[in-house]
Amino acid sequence: MPSTFDLSYRAPYDWDAIIAFLGARTISGVEVATPTAYRRIVRLGEHTGWIEVTPRPGALHVTASASLKRVLPEVRARVTHLFDLDADPATIAATLGPLAAKRPGVRVPGAFDGFEIAVRAILGQQVSVAAARTLAGRFAAEFGPAVASAHEGLTTAFPRPEEVAGRSIGLGILRSRARTILGLAEAMASGGLRLAPDVDAGDAIARLKALPGIGDWTAQYIAMRALDWPDAFPATDLWVMKALGEKKLSRVLALAEPWRPWRAYAVMHLWMGA
């Protein structure tokens, strides 16, 4: 029998915003998102299964396949991170001021898996969200194992770093991006890099930027989502600059200074406004 549980949050919670963000970036075979539910394949250690997350008043309701029963605490932690359920919207809104006034319940979508989000970020360098989504689906199908699921559209587990390291990557992915992904996979498979909410953000960003093909935008985006760093700020992001009406990096950083330590939330508001 599947397990079910609720995960509470501090209101307000903008479910529509977070599910729209995740839905636009779902990886084919790995995730499915609708306006009323998020579903995905889960692989934790030796345990593989599926989860479904739906909104309820004051909480998110989670259903996990019976195969995940022994890793439910980890499932809880990862869903909490993915949907940013520990955020205090009142404190954040007080700092962001007018920027957050229209939608104070906006959250920063996290990550169920750090390697998955990092690969997704690399694939998204200088291409559209839709194009990156297509490439991510091809990548998962090529390197991830097939999984049986009770839900239509869930067929594949996203690959682990050790399943990618040392492999050849084609799939229409630019060679430069492929080299970056392989470098990332090797760093994570060897234990030299870990991407999770409990790691030091500054150290992880430095390690990411030491990899060929990862600049500040990619590292900051990964920090926003995989590291749960609330002050991550991809200052060179085109839409952030456009929303602020600035092209000079120094000016963008100066305008964002009053939003510390919640600049990642400011980015979400700027993206939604743009």
# chains A, B, ... in the order shown; residues from 1 in each chain; ligands from 1

$ residues_around --residues "A:Thr63" --least-positions-apart "5" --cutoff "10 Å" --atoms "only C-alpha atoms" --output "ChimeraX atom specification"
/A:2-6,39,50-54

$ select_by_dssp --residues "stretch 1-101 of chain A" --states "helix (DSSP H, G or I)" --output "number ranges by chain"
A: 15-24, 66-82, 89-96, 98-101

$ closest_atom_pairs --of "stretch 16-89 of chain A" --to "stretch 179-196 of chain A" --cutoff "12 Å" --atoms "only C-alpha atoms" --output "tab-separated table"
residue	atom	partner	partner_atom	distance
A:Ala77	CA	A:Ala196	CA	11.2
A:Arg78	CA	A:Ala196	CA	9.8
A:His81	CA	A:Ala196	CA	9.7
A:Leu82	CA	A:Ala196	CA	11.3

$ write_last_selection --atoms "N, CA, C and O atoms" --output "compact mmCIF listing (two decimals), in the first residue's frame"
# COMPACT_ATOMS: atom_id res chain seq x y z
N ALA A 77 12.02 15.02 3.49
CA ALA A 77 13.01 16.10 3.45
C ALA A 77 13.15 16.65 2.03
O ALA A 77 13.23 17.87 1.84
N ARG A 78 13.15 15.78 1.05
CA ARG A 78 13.36 16.24 -0.32
C ARG A 78 12.13 16.95 -0.88
O ARG A 78 12.26 17.92 -1.64
N HIS A 81 12.19 20.40 0.59
CA HIS A 81 13.16 21.24 -0.12
C HIS A 81 12.65 21.63 -1.49
O HIS A 81 12.74 22.81 -1.88
N LEU A 82 12.10 20.68 -2.25
CA LEU A 82 11.64 20.95 -3.60
C LEU A 82 10.57 22.04 -3.61
O LEU A 82 10.58 22.93 -4.47

$ closest_residue --among "A:Trp262, A:Trp217, A:Tyr9, A:Trp239" --to "A:Asp86" --atoms "only C-alpha atoms"
A:Tyr9

$ closest_residue --among "A:Ala148, A:Ile173, A:Val106, A:Ala11" --to "A:Val42" --atoms "only C-alpha atoms"
A:Ala148

$ closest_residue --among "A:Ala178, A:Leu7, A:Leu22, A:Ala136" --to "A:His61" --atoms "only C-alpha atoms"
A:Leu7

$ residues_around --residues "A:Glu31" --least-positions-apart "3" --cutoff "12 Å" --atoms "only C-alpha atoms" --output "number ranges by chain"
A: 19, 22-28, 34, 37-42, 50-53, 112, 116, 133, 136-137, 140, 149, 151-158

$ write_last_selection --atoms "N, CA and C atoms" --output "short mmCIF file (atom, residue, chain, number, x, y, z; two decimals), in the first residue's frame"
data_model
loop_
_atom_site.label_atom_id
_atom_site.label_comp_id
_atom_site.auth_asym_id
_atom_site.auth_seq_id
_atom_site.Cartn_x
_atom_site.Cartn_y
_atom_site.Cartn_z
N ILE A 19 4.00 25.42 -9.16
CA ILE A 19 3.68 24.32 -10.07
C ILE A 19 3.83 24.76 -11.52
N LEU A 22 7.68 24.57 -12.10
CA LEU A 22 8.12 23.18 -12.24
C LEU A 22 7.56 22.55 -13.50
N GLY A 23 6.31 22.88 -13.81
CA GLY A 23 5.67 22.29 -14.98
C GLY A 23 6.36 22.66 -16.27
N ALA A 24 6.85 23.89 -16.36
CA ALA A 24 7.54 24.34 -17.57
C ALA A 24 8.89 23.67 -17.73
N ARG A 25 9.39 23.05 -16.66
CA ARG A 25 10.74 22.48 -16.68
C ARG A 25 10.76 20.99 -16.40
N THR A 26 9.62 20.32 -16.45
CA THR A 26 9.59 18.89 -16.19
C THR A 26 10.45 18.13 -17.20
N ILE A 27 11.07 17.07 -16.73
CA ILE A 27 11.89 16.21 -17.58
C ILE A 27 11.05 15.03 -18.00
N SER A 28 10.86 14.89 -19.30
CA SER A 28 9.99 13.84 -19.83
C SER A 28 10.41 12.46 -19.32
N THR A 34 0.79 18.90 -13.43
CA THR A 34 -0.47 19.46 -13.88
C THR A 34 -0.82 20.60 -12.91
N ALA A 37 -1.32 18.74 -9.50
CA ALA A 37 -0.48 17.66 -8.98
C ALA A 37 0.91 17.68 -9.59
N TYR A 38 1.88 17.21 -8.80
CA TYR A 38 3.23 16.99 -9.28
C TYR A 38 3.58 15.53 -8.98
N ARG A 39 4.09 14.84 -9.99
CA ARG A 39 4.47 13.44 -9.82
C ARG A 39 5.87 13.23 -10.37
N ARG A 40 6.61 12.31 -9.78
CA ARG A 40 7.94 12.02 -10.28
C ARG A 40 8.41 10.63 -9.85
N ILE A 41 9.40 10.13 -10.60
CA ILE A 41 10.11 8.93 -10.21
C ILE A 41 11.16 9.32 -9.17
N VAL A 42 11.30 8.47 -8.16
CA VAL A 42 12.23 8.70 -7.05
C VAL A 42 13.18 7.51 -6.95
N TRP A 50 7.71 6.06 -6.88
CA TRP A 50 7.13 7.30 -7.38
C TRP A 50 6.48 8.05 -6.23
N ILE A 51 6.32 9.36 -6.42
CA ILE A 51 5.58 10.17 -5.46
C ILE A 51 4.59 11.05 -6.22
N GLU A 52 3.57 11.46 -5.51
CA GLU A 52 2.60 12.43 -6.02
C GLU A 52 2.39 13.49 -4.95
N VAL A 53 2.41 14.75 -5.34
CA VAL A 53 2.22 15.87 -4.41
C VAL A 53 1.04 16.70 -4.89
N PHE A 112 14.82 18.00 -6.14
CA PHE A 112 14.73 16.69 -5.52
C PHE A 112 16.09 16.00 -5.57
N GLU A 116 20.61 16.26 -10.88
CA GLU A 116 19.55 16.51 -11.87
C GLU A 116 19.41 18.00 -12.17
N ARG A 133 14.37 21.66 -21.82
CA ARG A 133 13.49 20.58 -21.38
C ARG A 133 13.60 19.38 -22.34
N ALA A 136 16.95 17.66 -21.77
CA ALA A 136 16.96 16.93 -20.50
C ALA A 136 16.20 15.61 -20.61
N GLY A 137 15.11 15.62 -21.37
CA GLY A 137 14.35 14.39 -21.57
C GLY A 137 15.17 13.35 -22.34
N ALA A 140 17.88 11.96 -19.91
CA ALA A 140 17.36 11.00 -18.95
C ALA A 140 17.06 9.66 -19.61
N SER A 149 5.83 2.30 -13.30
CA SER A 149 5.13 3.23 -12.42
C SER A 149 3.63 3.09 -12.58
N HIS A 151 1.74 5.62 -12.67
CA HIS A 151 1.27 6.86 -13.27
C HIS A 151 1.74 6.98 -14.71
N GLU A 152 0.83 7.39 -15.56
CA GLU A 152 1.15 7.60 -16.96
C GLU A 152 2.21 8.70 -17.10
N GLY A 153 3.18 8.44 -17.96
CA GLY A 153 4.21 9.44 -18.22
C GLY A 153 5.43 9.32 -17.35
N LEU A 154 5.38 8.49 -16.31
CA LEU A 154 6.54 8.28 -15.45
C LEU A 154 7.18 6.95 -15.81
N THR A 155 8.31 7.01 -16.49
CA THR A 155 8.93 5.81 -17.04
C THR A 155 10.41 5.67 -16.73
N THR A 156 11.03 6.74 -16.21
CA THR A 156 12.49 6.80 -16.17
C THR A 156 12.97 7.46 -14.88
N ALA A 157 14.04 6.92 -14.31
CA ALA A 157 14.72 7.58 -13.19
C ALA A 157 15.87 8.41 -13.74
N PHE A 158 16.05 9.62 -13.22
CA PHE A 158 17.16 10.43 -13.69
C PHE A 158 18.47 9.74 -13.31
#

$ closest_residue --among "A:Gly172, A:Val75, A:Pro197, A:Gly144" --to "A:Pro159" --atoms "only C-alpha atoms"
A:Gly144

$ closest_residue --among "A:Asp88, A:Leu253, A:Leu72, A:Arg138" --to "A:Arg43" --atoms "only C-alpha atoms"
A:Leu72

$ residues_around --residues "A:His47" --least-positions-apart "6" --cutoff "8 Å" --atoms "only C-alpha atoms" --output "PyMOL selection string"
chain A and resi 67-68+71

$ write_last_selection --atoms "N, CA and C atoms" --output "PDB file, in the first residue's frame"
ATOM      1  N   SER A  67       7.166   0.971  -2.369  1.00  0.00           N
ATOM      2  CA  SER A  67       8.592   0.666  -2.493  1.00  0.00           C
ATOM      3  C   SER A  67       9.489   1.695  -1.794  1.00  0.00           C
ATOM      4  N   LEU A  68       8.919   2.835  -1.415  1.00  0.00           N
ATOM      5  CA  LEU A  68       9.697   3.894  -0.757  1.00  0.00           C
ATOM      6  C   LEU A  68       9.482   3.937   0.753  1.00  0.00           C
ATOM      7  N   VAL A  71      12.383   4.647   3.122  1.00  0.00           N
ATOM      8  CA  VAL A  71      13.123   5.914   2.971  1.00  0.00           C
ATOM      9  C   VAL A  71      12.188   7.115   3.070  1.00  0.00           C
TER      10      VAL A  71
END

$ residues_around --residues "A:Arg10" --least-positions-apart "3" --cutoff "12 Å" --atoms "only C-alpha atoms" --output "PyMOL selection string"
chain A and resi 7+13-14+57-60+84-92+104-107

$ closest_residue --among "A:Pro145, A:Pro109, A:Pro161, A:Pro258" --to "A:Met224" --atoms "only C-alpha atoms"
A:Pro109

$ atom_distance --atom1 "atom CA of A:Phe83" --atom2 "atom CA of A:Asp16"
11.7 Å

$ select_by_dssp --residues "stretch 45-252 of chain A" --states "strand (DSSP E or B)" --output "list in words"
His47, Thr48, Gly49, Trp50, Ile51, Glu52, Val53, Thr54, Pro55, Arg56, Ala59, Leu60, His61, Val62, Thr63, Ala64, Ala146, Leu154 and Thr156 of chain A

$ residues_around --residues "A:Ala132" --least-positions-apart "5" --cutoff "8 Å" --atoms "only C-alpha atoms" --output "short mmCIF file (atom, residue, chain, number, x, y, z; two decimals) with N, CA, C and O atoms, in the first residue's frame"
data_model
loop_
_atom_site.label_atom_id
_atom_site.label_comp_id
_atom_site.auth_asym_id
_atom_site.auth_seq_id
_atom_site.Cartn_x
_atom_site.Cartn_y
_atom_site.Cartn_z
N ARG A 120 20.37 20.05 -15.60
CA ARG A 120 19.32 20.88 -16.19
C ARG A 120 19.80 22.32 -16.40
O ARG A 120 19.50 22.95 -17.42
N LEU A 123 22.28 22.42 -19.35
CA LEU A 123 21.57 22.31 -20.61
C LEU A 123 20.81 23.59 -20.95
O LEU A 123 20.55 23.88 -22.12
N GLY A 124 20.47 24.36 -19.93
CA GLY A 124 19.71 25.58 -20.14
C GLY A 124 20.55 26.81 -20.44
O GLY A 124 20.00 27.89 -20.64
N VAL A 127 19.89 28.78 -23.96
CA VAL A 127 18.81 28.24 -24.79
C VAL A 127 17.49 28.47 -24.06
O VAL A 127 17.47 28.80 -22.87
#

$ residues_around --residues "A:Ala264" --least-positions-apart "4" --cutoff "10 Å" --atoms "only C-alpha atoms" --output "mmCIF file with C-alpha atoms, in the first residue's frame"
data_model
loop_
_atom_site.group_PDB
_atom_site.id
_atom_site.type_symbol
_atom_site.label_atom_id
_atom_site.label_comp_id
_atom_site.auth_asym_id
_atom_site.auth_seq_id
_atom_site.Cartn_x
_atom_site.Cartn_y
_atom_site.Cartn_z
ATOM 1 C CA ARG A 107 8.631 30.306 -3.117
ATOM 2 C CA VAL A 108 11.974 29.338 -4.618
ATOM 3 C CA GLN A 220 24.134 30.786 -8.749
ATOM 4 C CA TYR A 221 21.130 29.059 -10.338
ATOM 5 C CA ALA A 223 22.776 27.403 -5.533
ATOM 6 C CA MET A 224 19.205 28.740 -5.671
ATOM 7 C CA ARG A 225 17.675 25.359 -6.319
ATOM 8 C CA ASP A 228 18.687 25.959 -0.805
ATOM 9 C CA TRP A 229 20.698 29.191 -0.533
ATOM 10 C CA PRO A 230 18.184 32.024 -0.116
ATOM 11 C CA ASP A 231 20.682 34.726 -1.087
ATOM 12 C CA ALA A 232 21.748 33.194 -4.408
ATOM 13 C CA PHE A 233 21.598 35.806 -7.125
ATOM 14 C CA PRO A 234 22.315 35.181 -10.841
ATOM 15 C CA TRP A 259 17.073 42.347 -0.705
ATOM 16 C CA ARG A 260 19.750 40.434 1.192
ATOM 17 C CA MET A 268 11.610 34.617 -8.553
ATOM 18 C CA HIS A 269 9.501 37.790 -8.353
ATOM 19 C CA LEU A 270 11.558 39.454 -11.089
#
